[in-house]
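One file, final-v9.cif, carrying mmCIF, C-alpha atoms:
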data_run
loop_
_atom_site.label_atom_id
_atom_site.label_comp_id
_atom_site.auth_asym_id
_atom_site.auth_seq_id
_atom_site.Cartn_x
_atom_site.Cartn_y
_atom_site.Cartn_z
CA MET A 10 7.84 5.18 19.25
CA LYS A 11 6.81 4.87 15.60
CA LEU A 12 4.49 2.00 14.73
CA LEU A 13 6.40 1.28 11.51
CA ARG A 14 9.80 2.41 10.25
CA VAL A 15 11.10 1.47 6.83
CA GLU A 16 14.71 2.60 6.45
CA ASN A 17 16.62 2.50 3.15
CA LEU A 18 14.80 -0.62 2.00
CA LYS A 19 16.20 -2.35 -1.08
CA THR A 20 14.28 -5.32 -2.47
CA TYR A 21 15.57 -6.83 -5.70
CA PHE A 22 14.31 -9.68 -7.87
CA HIS A 23 16.95 -12.01 -9.29
CA ILE A 24 15.62 -13.30 -12.61
CA SER A 25 17.22 -14.78 -15.74
CA GLU A 26 17.35 -11.39 -17.50
CA GLY A 27 19.15 -9.71 -14.61
CA ILE A 28 18.43 -8.00 -11.28
CA VAL A 29 15.19 -6.02 -11.04
CA LYS A 30 15.59 -3.16 -8.54
CA ALA A 31 11.91 -3.15 -7.61
CA VAL A 32 12.39 -1.19 -4.38
CA ASP A 33 15.56 0.86 -4.27
CA ASP A 34 16.41 2.82 -1.10
CA VAL A 35 12.89 3.53 0.20
CA SER A 36 12.31 5.13 3.62
CA PHE A 37 9.12 6.17 5.42
CA SER A 38 7.44 5.82 8.81
CA LEU A 39 3.94 5.50 10.25
CA ASP A 40 2.50 6.50 13.62
CA ASP A 41 -0.14 4.62 15.62
CA GLY A 42 -3.59 5.23 14.16
CA GLN A 43 -2.16 7.00 11.10
CA CYS A 44 -3.06 6.29 7.47
CA LEU A 45 -0.41 6.46 4.74
CA GLY A 46 -1.23 6.35 1.05
CA LEU A 47 1.39 4.71 -1.19
CA VAL A 48 0.68 5.78 -4.75
CA GLY A 49 2.23 5.40 -8.19
CA GLU A 50 1.86 3.69 -11.57
CA SER A 51 1.83 -0.08 -11.89
CA GLY A 52 5.31 -1.53 -11.51
CA CYS A 53 6.69 1.27 -9.34
CA GLY A 54 7.33 -0.97 -6.31
CA LYS A 55 4.26 -0.38 -4.12
CA THR A 56 3.21 -4.02 -3.72
CA THR A 57 6.82 -5.18 -3.38
CA THR A 58 7.21 -2.74 -0.48
CA ALA A 59 4.13 -4.22 1.19
CA LEU A 60 5.28 -7.80 0.61
CA SER A 61 8.70 -6.88 2.05
CA ILE A 62 7.06 -5.60 5.24
CA ASN A 63 5.08 -8.85 5.55
CA ARG A 64 8.06 -10.95 4.41
CA LEU A 65 5.87 -12.58 1.76
CA LEU A 66 8.23 -12.18 -1.17
CA PRO A 67 8.52 -14.97 -3.78
CA PRO A 68 11.78 -16.96 -3.82
CA GLU A 69 13.45 -14.68 -6.39
CA GLY A 70 12.70 -11.58 -4.29
CA ILE A 71 15.43 -10.71 -1.78
CA ILE A 72 15.72 -7.86 0.70
CA GLU A 73 19.23 -6.72 -0.22
CA GLY A 74 19.50 -3.86 2.27
CA GLY A 75 17.75 -1.60 4.73
CA GLU A 76 15.68 -2.27 7.83
CA ILE A 77 11.99 -2.65 8.68
CA TYR A 78 10.87 -2.10 12.28
CA LEU A 79 7.39 -2.77 13.65
CA GLU A 80 7.63 -0.83 16.90
CA SER A 81 10.79 -2.34 18.45
CA VAL A 82 10.75 -5.58 16.42
CA LYS A 83 13.24 -5.73 13.56
CA LEU A 84 11.30 -7.72 10.98
CA THR A 85 14.15 -8.05 8.49
CA VAL A 86 16.22 -10.34 10.75
CA LEU A 87 13.46 -12.75 11.78
CA SER A 88 13.48 -16.33 10.55
CA ASP A 89 10.53 -17.77 8.62
CA VAL A 90 9.23 -19.37 11.81
CA GLU A 91 9.60 -16.16 13.83
CA ILE A 92 7.92 -13.92 11.26
CA ARG A 93 4.82 -16.14 11.27
CA LYS A 94 4.21 -15.14 14.88
CA HIS A 95 3.90 -11.49 13.80
CA ARG A 96 2.25 -11.93 10.41
CA TRP A 97 -1.53 -11.44 10.73
CA LYS A 98 -1.26 -10.93 14.51
CA ASP A 99 0.72 -7.67 14.33
CA VAL A 100 0.67 -6.83 10.60
CA SER A 101 -1.87 -8.11 8.08
CA MET A 102 -2.73 -7.45 4.47
CA VAL A 103 -5.81 -7.04 2.31
CA PHE A 104 -4.53 -8.57 -0.92
CA GLN A 105 -5.26 -7.20 -4.35
CA GLY A 106 -8.08 -9.10 -6.06
CA ALA A 107 -10.23 -10.73 -3.38
CA MET A 108 -11.37 -13.49 -5.77
CA ASN A 109 -7.80 -14.70 -6.26
CA ALA A 110 -6.79 -14.20 -2.62
CA MET A 111 -9.40 -16.56 -1.20
CA ASN A 112 -9.52 -20.35 -1.32
CA PRO A 113 -12.49 -21.06 -3.62
CA VAL A 114 -13.31 -24.42 -1.98
CA MET A 115 -13.26 -23.24 1.65
CA LYS A 116 -16.12 -21.45 3.37
CA ILE A 117 -15.22 -17.83 4.06
CA GLY A 118 -15.89 -18.28 7.78
CA GLU A 119 -13.40 -21.16 7.90
CA GLN A 120 -10.75 -19.03 6.20
CA ILE A 121 -11.18 -16.30 8.81
CA ALA A 122 -11.34 -18.73 11.74
CA GLU A 123 -8.14 -20.50 10.65
CA ALA A 124 -5.95 -17.49 11.51
CA VAL A 125 -7.73 -16.97 14.85
CA VAL A 126 -7.17 -20.59 15.91
CA TRP A 127 -3.49 -20.49 14.91
CA HIS A 128 -2.58 -17.19 16.60
CA GLN A 129 -4.91 -17.01 19.58
CA GLN A 130 -4.97 -20.70 20.59
CA VAL A 131 -8.78 -20.83 20.92
CA THR A 132 -11.31 -23.53 20.06
CA HIS A 133 -12.84 -23.75 16.61
CA GLN A 134 -16.21 -22.61 17.98
CA GLN A 135 -14.65 -19.53 19.59
CA ALA A 136 -12.89 -18.70 16.32
CA TRP A 137 -16.16 -19.18 14.39
CA ASN A 138 -17.90 -16.77 16.79
CA ARG A 139 -15.07 -14.29 16.26
CA ALA A 140 -15.59 -14.58 12.50
CA LYS A 141 -19.27 -13.73 12.97
CA GLU A 142 -18.31 -10.64 14.98
CA LEU A 143 -15.95 -9.58 12.20
CA PHE A 144 -18.70 -10.00 9.61
CA GLU A 145 -20.84 -7.58 11.59
CA LEU A 146 -17.89 -5.20 11.97
CA VAL A 147 -17.46 -4.94 8.20
CA GLU A 148 -21.23 -4.70 7.67
CA LEU A 149 -21.82 -8.17 6.25
CA GLU A 150 -24.74 -10.36 7.28
CA PRO A 151 -23.35 -12.88 9.85
CA GLY A 152 -25.68 -15.53 8.43
CA ARG A 153 -23.59 -15.53 5.24
CA ILE A 154 -20.49 -16.73 7.06
CA GLY A 155 -20.96 -20.29 5.79
CA GLY A 156 -20.89 -19.17 2.16
CA TYR A 157 -18.18 -19.78 -0.41
CA PRO A 158 -16.33 -16.93 -2.19
CA HIS A 159 -18.23 -17.41 -5.47
CA GLU A 160 -21.49 -16.70 -3.61
CA PHE A 161 -20.35 -13.16 -2.72
CA SER A 162 -20.34 -10.06 -4.92
CA GLY A 163 -17.09 -8.16 -5.52
CA GLY A 164 -17.78 -5.63 -2.78
CA MET A 165 -18.81 -8.36 -0.34
CA LYS A 166 -15.65 -10.35 -1.03
CA GLN A 167 -13.58 -7.24 -0.40
CA ARG A 168 -15.34 -6.71 2.94
CA ALA A 169 -14.72 -10.36 3.79
CA MET A 170 -11.01 -9.86 3.00
CA ILE A 171 -10.96 -6.88 5.36
CA ALA A 172 -12.65 -9.01 8.05
CA MET A 173 -9.95 -11.65 7.51
CA ALA A 174 -7.21 -9.03 7.87
CA LEU A 175 -8.72 -7.86 11.18
CA ALA A 176 -9.12 -11.38 12.60
CA CYS A 177 -6.26 -11.13 15.12
CA ASP A 178 -6.52 -7.41 15.99
CA PRO A 179 -3.35 -6.35 14.13
CA LYS A 180 -1.53 -3.12 14.85
CA LEU A 181 -1.03 -2.47 11.13
CA VAL A 182 -3.17 -3.33 8.09
CA ILE A 183 -1.93 -2.91 4.52
CA GLY A 184 -4.59 -2.60 1.82
CA ASP A 185 -3.11 -3.43 -1.60
CA GLU A 186 -5.40 -1.82 -4.17
CA PRO A 187 -8.45 -2.56 -1.95
CA THR A 188 -10.86 -1.03 -4.47
CA THR A 189 -9.61 -2.79 -7.62
CA ALA A 190 -12.39 -3.82 -10.05
CA LEU A 191 -15.12 -2.26 -7.91
CA ASP A 192 -17.55 0.36 -9.17
CA VAL A 193 -17.28 3.93 -7.91
CA MET A 194 -20.00 3.64 -5.26
CA VAL A 195 -18.56 0.43 -3.79
CA GLN A 196 -15.05 1.95 -3.88
CA ALA A 197 -16.29 4.80 -1.71
CA GLN A 198 -17.97 2.37 0.70
CA ILE A 199 -14.80 0.26 1.08
CA LEU A 200 -12.58 3.32 1.66
CA ASN A 201 -15.04 4.76 4.20
CA LEU A 202 -15.16 1.38 5.94
CA LEU A 203 -11.34 1.17 6.17
CA ASP A 204 -11.17 4.73 7.48
CA ARG A 205 -13.86 4.08 10.10
CA LEU A 206 -12.22 0.86 11.26
CA ARG A 207 -8.82 2.54 11.43
CA LYS A 208 -10.18 5.25 13.74
CA THR A 209 -12.34 2.89 15.81
CA LEU A 210 -9.65 0.24 16.32
CA LYS A 211 -6.76 2.77 16.46
CA MET A 212 -4.67 0.75 14.02
CA GLY A 213 -2.14 1.89 11.47
CA LEU A 214 -3.24 1.67 7.84
CA ILE A 215 -1.35 1.74 4.53
CA ILE A 216 -3.42 2.04 1.37
CA ILE A 217 -1.67 1.15 -1.90
CA THR A 218 -3.19 2.53 -5.09
CA HIS A 219 -2.36 3.93 -8.52
CA ASP A 220 -5.23 6.45 -8.18
CA LEU A 221 -4.12 9.52 -6.23
CA SER A 222 -7.65 10.93 -6.34
CA ILE A 223 -9.10 8.38 -3.89
CA LEU A 224 -6.71 9.17 -1.02
CA GLY A 225 -7.75 12.73 -0.17
CA GLU A 226 -10.35 11.98 2.49
CA THR A 227 -8.75 8.83 3.90
CA CYS A 228 -4.99 9.37 4.34
CA ASP A 229 -3.04 11.58 6.74
CA ARG A 230 0.12 11.32 4.62
CA ILE A 231 0.93 10.31 1.05
CA ALA A 232 4.12 8.83 -0.39
CA VAL A 233 4.48 8.98 -4.18
CA MET A 234 6.59 6.18 -5.72
CA TYR A 235 8.20 6.06 -9.14
CA ALA A 236 10.51 3.36 -10.50
CA GLY A 237 11.28 1.83 -7.11
CA LYS A 238 11.84 5.10 -5.26
CA ILE A 239 9.79 7.53 -3.21
CA VAL A 240 9.91 10.83 -5.10
CA GLU A 241 7.67 12.85 -2.77
CA ILE A 242 6.19 12.38 0.69
CA GLY A 243 4.22 14.68 2.93
CA SER A 244 0.85 15.42 4.45
CA THR A 245 -2.13 14.87 2.18
CA GLU A 246 -2.69 18.62 2.06
CA ASP A 247 0.92 19.33 1.06
CA VAL A 248 0.98 16.65 -1.64
CA TYR A 249 -2.33 17.83 -3.11
CA ASP A 250 -1.93 21.60 -2.82
CA ARG A 251 1.82 22.24 -2.57
CA HIS A 252 3.36 19.29 -4.42
CA MET A 253 6.91 19.82 -5.65
CA HIS A 254 7.65 16.85 -7.92
CA PRO A 255 6.60 16.89 -11.61
CA TYR A 256 5.49 13.23 -11.40
CA THR A 257 3.09 14.05 -8.56
CA HIS A 258 1.86 16.98 -10.62
CA ARG A 259 1.15 14.76 -13.65
CA LEU A 260 -0.66 12.19 -11.49
CA LEU A 261 -2.89 14.91 -10.07
CA MET A 262 -3.53 16.33 -13.54
CA GLY A 263 -4.55 12.89 -14.75
CA PHE A 264 -7.98 12.86 -13.13
CA PRO A 265 -10.89 15.25 -13.78
CA ASN A 266 -11.31 18.34 -11.60
CA ILE A 267 -14.70 20.05 -11.43
CA HIS A 268 -12.95 23.38 -10.91
CA ARG A 269 -10.94 23.13 -14.15
CA PRO A 270 -12.13 23.35 -17.76
CA LYS A 271 -13.88 20.17 -18.92
CA LEU A 272 -11.04 18.70 -20.98
CA MET A 273 -9.81 15.14 -21.39
CA PRO A 274 -6.79 14.75 -19.04
CA GLU A 275 -3.50 14.15 -20.84
CA PRO A 276 -1.65 10.94 -19.94
CA ILE A 277 1.96 10.98 -18.82
CA PRO A 278 4.03 10.45 -22.00
CA GLY A 279 6.11 7.31 -22.37
CA SER A 280 6.19 4.28 -20.09
CA PRO A 281 7.76 3.46 -16.71
CA PRO A 282 11.42 2.45 -17.07
CA ASP A 283 12.97 -0.99 -17.15
CA LEU A 284 14.13 -1.56 -13.57
CA ILE A 285 16.86 -3.96 -14.69
CA ARG A 286 18.46 -1.04 -16.52
CA PRO A 287 16.95 2.12 -14.97
CA PRO A 288 17.79 5.52 -16.47
CA SER A 289 20.79 7.42 -15.15
CA GLY A 290 20.24 10.42 -12.91
CA CYS A 291 16.59 11.09 -12.08
CA ARG A 292 14.57 8.07 -13.15
CA PHE A 293 11.67 10.28 -14.25
CA HIS A 294 13.73 12.49 -16.56
CA PRO A 295 12.87 10.66 -19.86
CA ARG A 296 9.18 11.51 -19.26
CA CYS A 297 9.57 14.89 -17.55
CA ASP A 298 8.57 18.15 -19.24
CA TYR A 299 11.10 20.10 -17.14
CA ALA A 300 14.17 17.86 -17.35
CA GLN A 301 17.55 19.46 -17.94
CA GLU A 302 21.07 18.11 -18.38
CA ILE A 303 21.69 17.69 -14.66
CA CYS A 304 18.61 15.46 -14.42
CA GLN A 305 20.23 12.94 -16.78
CA GLU A 306 23.56 12.97 -14.95
CA GLN A 307 22.82 13.30 -11.25
CA GLU A 308 20.22 11.55 -9.12
CA PRO A 309 18.45 14.13 -6.91
CA GLY A 310 18.46 13.64 -3.16
CA MET A 311 15.45 14.31 -0.97
CA THR A 312 14.91 18.03 -0.37
CA THR A 313 12.90 19.21 2.62
CA ALA A 314 10.05 21.61 1.95
CA GLY A 315 9.12 21.89 5.64
CA ASN A 316 6.57 20.24 7.94
CA GLY A 317 7.61 16.69 7.04
CA HIS A 318 7.21 17.37 3.32
CA SER A 319 10.13 16.31 1.10
CA TYR A 320 10.74 15.59 -2.57
CA ALA A 321 13.46 14.31 -4.93
CA CYS A 322 13.80 16.83 -7.77
CA HIS A 323 16.52 19.25 -8.88
CA PHE A 324 13.89 21.82 -9.84
CA GLY A 325 11.09 21.24 -7.34
CA GLY A 326 7.91 23.09 -8.26
CA ALA A 327 9.16 24.10 -11.74
CA PHE A 328 5.65 23.51 -13.12
CA ASN A 329 4.40 26.36 -10.92
CA GLY A 330 6.63 28.88 -12.63
#
Can I see the file as structure tokens?
Amino acid sequence: MKLLRVENLKTYFHISEGIVKAVDDVSFSLDDGQCLGLVGESGCGKTTTALSINRLLPPEGIIEGGEIYLESVKLTVLSDVEIRKHRWKDVSMVFQGAMNAMNPVMKIGEQIAEAVVWHQQVTHQQAWNRAKELFELVELEPGRIGGYPHEFSGGMKQRAMIAMALACDPKLVIGDEPTTALDVMVQAQILNLLDRLRKTLKMGLIIITHDLSILGETCDRIAVMYAGKIVEIGSTEDVYDRHMHPYTHRLLMGFPNIHRPKLMPEPIPGSPPDLIRPPSGCRFHPRCDYAQEICQEQEPGMTTAGNGHSYACHFGGAFNG
């Protein structure tokens, strides 16, 4: 049985200007102990997908269609009371921006212990001891557990957020831009830590990022999102070395490669589309170097390239020609 199955998920935001189709017919799955990278530009629907899985959407966000299964549990039909029993115990989240995700006037240890007391029905002292264990697990000094968020550096706060996400031994952890605002060395440490914990604890892991370059050594599979849709998904090796969608190609070309000439990478022209009024046909066609008339008229379906690798493009791999 798959740990997670997301099937034809549609999450829309109802705002005064209209309906924002933030996630529009997205499907993917995750096995036990597997790591999936969810990558794309800002505004493509990555975080909305994660919030839909956790059922943490704001009031204007509504799951309009599709299903989300955590093992045999259908998360999309649970009431607010029922979903709380699974949130943090079965699926937890490392939120983007640790400084904003923590309560600034609560000790970090208390914030971790709170979830343990609620879900595991233990005493406060037992939960506090569990928080100390988690500090050691994420390589923080247990003696700092009584500190406040402002007393921690950016990397330390991110480790504390990871400790908080692991408090109740979840089956699935979602890291939403877990390396945001961290320097390169600390980014590498956080990613290595998540990868080590995933393998040690045998949990599923989803890493959300806009930087495709950081996923190579951490993820088993990568899903590339654009304008609310998954445009390519496959093993990390396939997406890096045999990618078929021009958007994936431009993302990969956007970061330096020591094996290529030392030139400044060219940005993708234009901007992501307005998801209230998305383009007709392929949503990437206004920015695509290989778009033809059919791309403006007909939305491409997912084409299988073999070995669990699929893409949504009428002319897959055209940039290789």
Counting all atoms listed in the file, give me one row per residue of region 174-215 of chain A with an atom at most 8 Å from an atom of region 25-42 of chain A, showing the shortest contact pair and its distance in Å to one decimal, sorted by chain then residue number, as CSV.
residue,atom,partner,partner_atom,distance
A:Lys180,CA,A:Asp41,CA,7.9
A:Arg207,CA,A:Gly42,CA,6.5
A:Lys208,CA,A:Gly42,CA,6.6
A:Lys211,CA,A:Gly42,CA,4.6
A:Met212,CA,A:Gly42,CA,4.6
A:Gly213,CA,A:Gly42,CA,4.5
A:Leu214,CA,A:Gly42,CA,7.3
Legend entry - Residues near Met234 (chain A), cut-off 8 Å, only C-alpha atoms, skip fewer than 3 positions along chain, as a ChimeraX atom specification: /A:47-50,53-55,237-241
Inset, instruction - Evaluate the PyMOL selection byres ((chain A and resi 129-139) around 12) on the structure here and hand back the selected residues as an MDAnalysis selection string. - result: chainID A and resid 94:95 97:98 116:128 140:146 151:152 154:155 172:173 175:178
Inset, instruction - Check what the PyMOL selection byres ((chain A and resi 197) around 12) selects in the file above and give those residues as a list in words. - result: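 So the PyMOL selection byres ((chain A and resi 197) around 12) ends up selecting Gly164, Pro187, Thr188, Thr189, Leu191, Asp192, Val193, Met194, Val195, Gln196, Gln198, Ile199, Leu200, Asn201, Leu202, Leu203, Asp204, Ser222, Ile223, Leu224, Gly225, Glu226 and Thr227 of chain A.
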Legend entry - Contacts of region 267-279 of chain A within 9 Å, all atoms listed in the file, excl. fewer than 6 positions in-chain, as a list of chain:residue names: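 Within the cut-off, the hits are A:Tyr256, A:Arg259, A:Leu260, A:Pro295, A:Arg296, A:Cys297.
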Write out the residues from the selection above, keeping C-alpha atoms, as a CSV table (one decimal), in the frame of the given file.
chain,number,residue,atom,x,y,z
A,256,TYR,CA,5.5,13.2,-11.4
A,259,ARG,CA,1.2,14.8,-13.6
A,260,LEU,CA,-0.7,12.2,-11.5
A,295,PRO,CA,12.9,10.7,-19.9
A,296,ARG,CA,9.2,11.5,-19.3
A,297,CYS,CA,9.6,14.9,-17.6
Inset, instruction - Please write the residues picked by the PyMOL selection byres ((chain A and resi 110-112) around 12) on this file as number ranges by chain. - result: A: 102-109, 113-121, 156-159, 161, 166-167, 169-171, 173-174, 185, 187
Legend entry - Within 12 Å of file point (11.0, 20.8, 2.2), counting all atoms listed in the file, expressed as JSON, numbers by chain: {"A": [241, 242, 243, 244, 247, 248, 251, 252, 253, 254, 310, 311, 312, 313, 314, 315, 316, 317, 318, 319, 320, 321, 322, 325, 326]}
Residues of region 86-181 of chain A that have any atom at most 10 Å from an atom of region 63-70 of chain A: could you tabulate them with the shortest-distance atom pair and the distance in Å to one decimal, using all atoms listed in the file, ordered by chain and increasing number, as a Markdown table?
| residue | atom | partner | partner_atom | distance |
| --- | --- | --- | --- | --- |
| A:Leu87 | CA | A:Arg64 | CA | 9.3 |
| A:Ser88 | CA | A:Arg64 | CA | 9.8 |
| A:Asp89 | CA | A:Arg64 | CA | 8.4 |
| A:Ile92 | CA | A:Arg64 | CA | 7.5 |
| A:Arg93 | CA | A:Arg64 | CA | 9.2 |
| A:His95 | CA | A:Asn63 | CA | 8.7 |
| A:Arg96 | CA | A:Asn63 | CA | 6.4 |
| A:Trp97 | CA | A:Asn63 | CA | 8.8 |
| A:Asp99 | CA | A:Asn63 | CA | 9.9 |
| A:Val100 | CA | A:Asn63 | CA | 7.0 |
| A:Ser101 | CA | A:Asn63 | CA | 7.4 |
| A:Met102 | CA | A:Asn63 | CA | 8.0 |
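The interatomic distance for the pair CA of Thr218 (chain A) and CA of Arg205 (chain A) works out to 18.6 Å.
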Inset, instruction - Figure out the distance between CA of Arg292 (chain A) and CA of Thr257 (chain A), please, to one decimal in Å. - result: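 Distance reported for this atom pair: 13.7 Å.
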Inset, instruction - Write out as JSON, numbers by chain each polymer residue whose atoms come within 9 Å of Ser61 (chain A), counting all atoms listed in the file; drop sequence neighbours fewer than 5 positions from it. - result: {"A": [18, 20, 56, 66, 70, 71, 72, 77, 85]}
Output, as JSON, the centre and edge lengths in Å (one decimal) of the axis-aligned box that contains all listed atoms of region 41-52 of chain A with 3 Å of margin on each side.
{"center_x": 0.9, "center_y": 2.7, "center_z": 1.9, "size_x": 14.9, "size_y": 14.5, "size_z": 33.5}
Can you patch up region 104-113 of chain A, filling it in to all heavy atoms, and show the result as a short mmCIF file (atom, residue, chain, number, x, y, z; two decimals), in the coordinates of the input?
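Wrote it out as result.cif, contents follow:
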data_model
loop_
_atom_site.label_atom_id
_atom_site.label_comp_id
_atom_site.auth_asym_id
_atom_site.auth_seq_id
_atom_site.Cartn_x
_atom_site.Cartn_y
_atom_site.Cartn_z
N PHE A 104 -5.21 -8.34 0.36
CA PHE A 104 -4.53 -8.57 -0.92
C PHE A 104 -5.34 -8.03 -2.09
O PHE A 104 -6.57 -7.96 -2.04
CB PHE A 104 -4.25 -10.06 -1.11
CG PHE A 104 -3.26 -10.61 -0.15
CD1 PHE A 104 -3.68 -11.27 0.99
CD2 PHE A 104 -1.90 -10.47 -0.37
CE1 PHE A 104 -2.77 -11.79 1.90
CE2 PHE A 104 -0.97 -10.99 0.52
CZ PHE A 104 -1.41 -11.63 1.66
N GLN A 105 -4.63 -7.69 -3.14
CA GLN A 105 -5.26 -7.20 -4.35
C GLN A 105 -6.02 -8.34 -5.04
O GLN A 105 -5.50 -9.43 -5.21
CB GLN A 105 -4.21 -6.65 -5.30
CG GLN A 105 -4.78 -6.04 -6.57
CD GLN A 105 -3.69 -5.42 -7.43
OE1 GLN A 105 -2.52 -5.48 -7.09
NE2 GLN A 105 -4.09 -4.81 -8.52
N GLY A 106 -7.28 -8.09 -5.38
CA GLY A 106 -8.08 -9.10 -6.06
C GLY A 106 -8.59 -10.14 -5.09
O GLY A 106 -7.99 -11.20 -4.92
N ALA A 107 -9.71 -9.83 -4.42
CA ALA A 107 -10.23 -10.73 -3.38
C ALA A 107 -10.56 -12.12 -3.94
O ALA A 107 -10.40 -13.12 -3.25
CB ALA A 107 -11.47 -10.11 -2.74
N MET A 108 -11.02 -12.19 -5.18
CA MET A 108 -11.37 -13.49 -5.77
C MET A 108 -10.17 -14.42 -5.82
O MET A 108 -10.26 -15.62 -5.54
CB MET A 108 -11.95 -13.29 -7.18
CG MET A 108 -12.27 -14.60 -7.91
SD MET A 108 -13.46 -15.63 -7.02
CE MET A 108 -14.99 -14.85 -7.55
N ASN A 109 -9.00 -13.87 -6.16
CA ASN A 109 -7.80 -14.70 -6.26
C ASN A 109 -7.14 -14.94 -4.91
O ASN A 109 -6.34 -15.86 -4.77
CB ASN A 109 -6.79 -14.05 -7.21
CG ASN A 109 -7.33 -13.92 -8.62
OD1 ASN A 109 -8.09 -14.77 -9.07
ND2 ASN A 109 -6.96 -12.86 -9.30
N ALA A 110 -7.45 -14.09 -3.93
CA ALA A 110 -6.79 -14.20 -2.62
C ALA A 110 -7.47 -15.20 -1.70
O ALA A 110 -6.90 -15.58 -0.68
CB ALA A 110 -6.75 -12.82 -1.95
N MET A 111 -8.67 -15.62 -2.05
CA MET A 111 -9.40 -16.56 -1.20
C MET A 111 -9.36 -17.97 -1.77
O MET A 111 -9.28 -18.16 -2.99
CB MET A 111 -10.86 -16.12 -1.06
CG MET A 111 -11.05 -14.87 -0.23
SD MET A 111 -12.80 -14.45 -0.11
CE MET A 111 -12.71 -13.09 1.07
N ASN A 112 -9.44 -18.95 -0.90
CA ASN A 112 -9.52 -20.35 -1.32
C ASN A 112 -10.95 -20.61 -1.80
O ASN A 112 -11.90 -20.51 -1.02
CB ASN A 112 -9.18 -21.26 -0.15
CG ASN A 112 -9.06 -22.72 -0.57
OD1 ASN A 112 -9.73 -23.18 -1.48
ND2 ASN A 112 -8.20 -23.45 0.12
N PRO A 113 -11.13 -20.94 -3.08
CA PRO A 113 -12.49 -21.06 -3.62
C PRO A 113 -13.28 -22.25 -3.08
O PRO A 113 -14.50 -22.30 -3.22
CB PRO A 113 -12.26 -21.20 -5.14
CG PRO A 113 -10.89 -21.77 -5.26
CD PRO A 113 -10.11 -21.18 -4.12
#
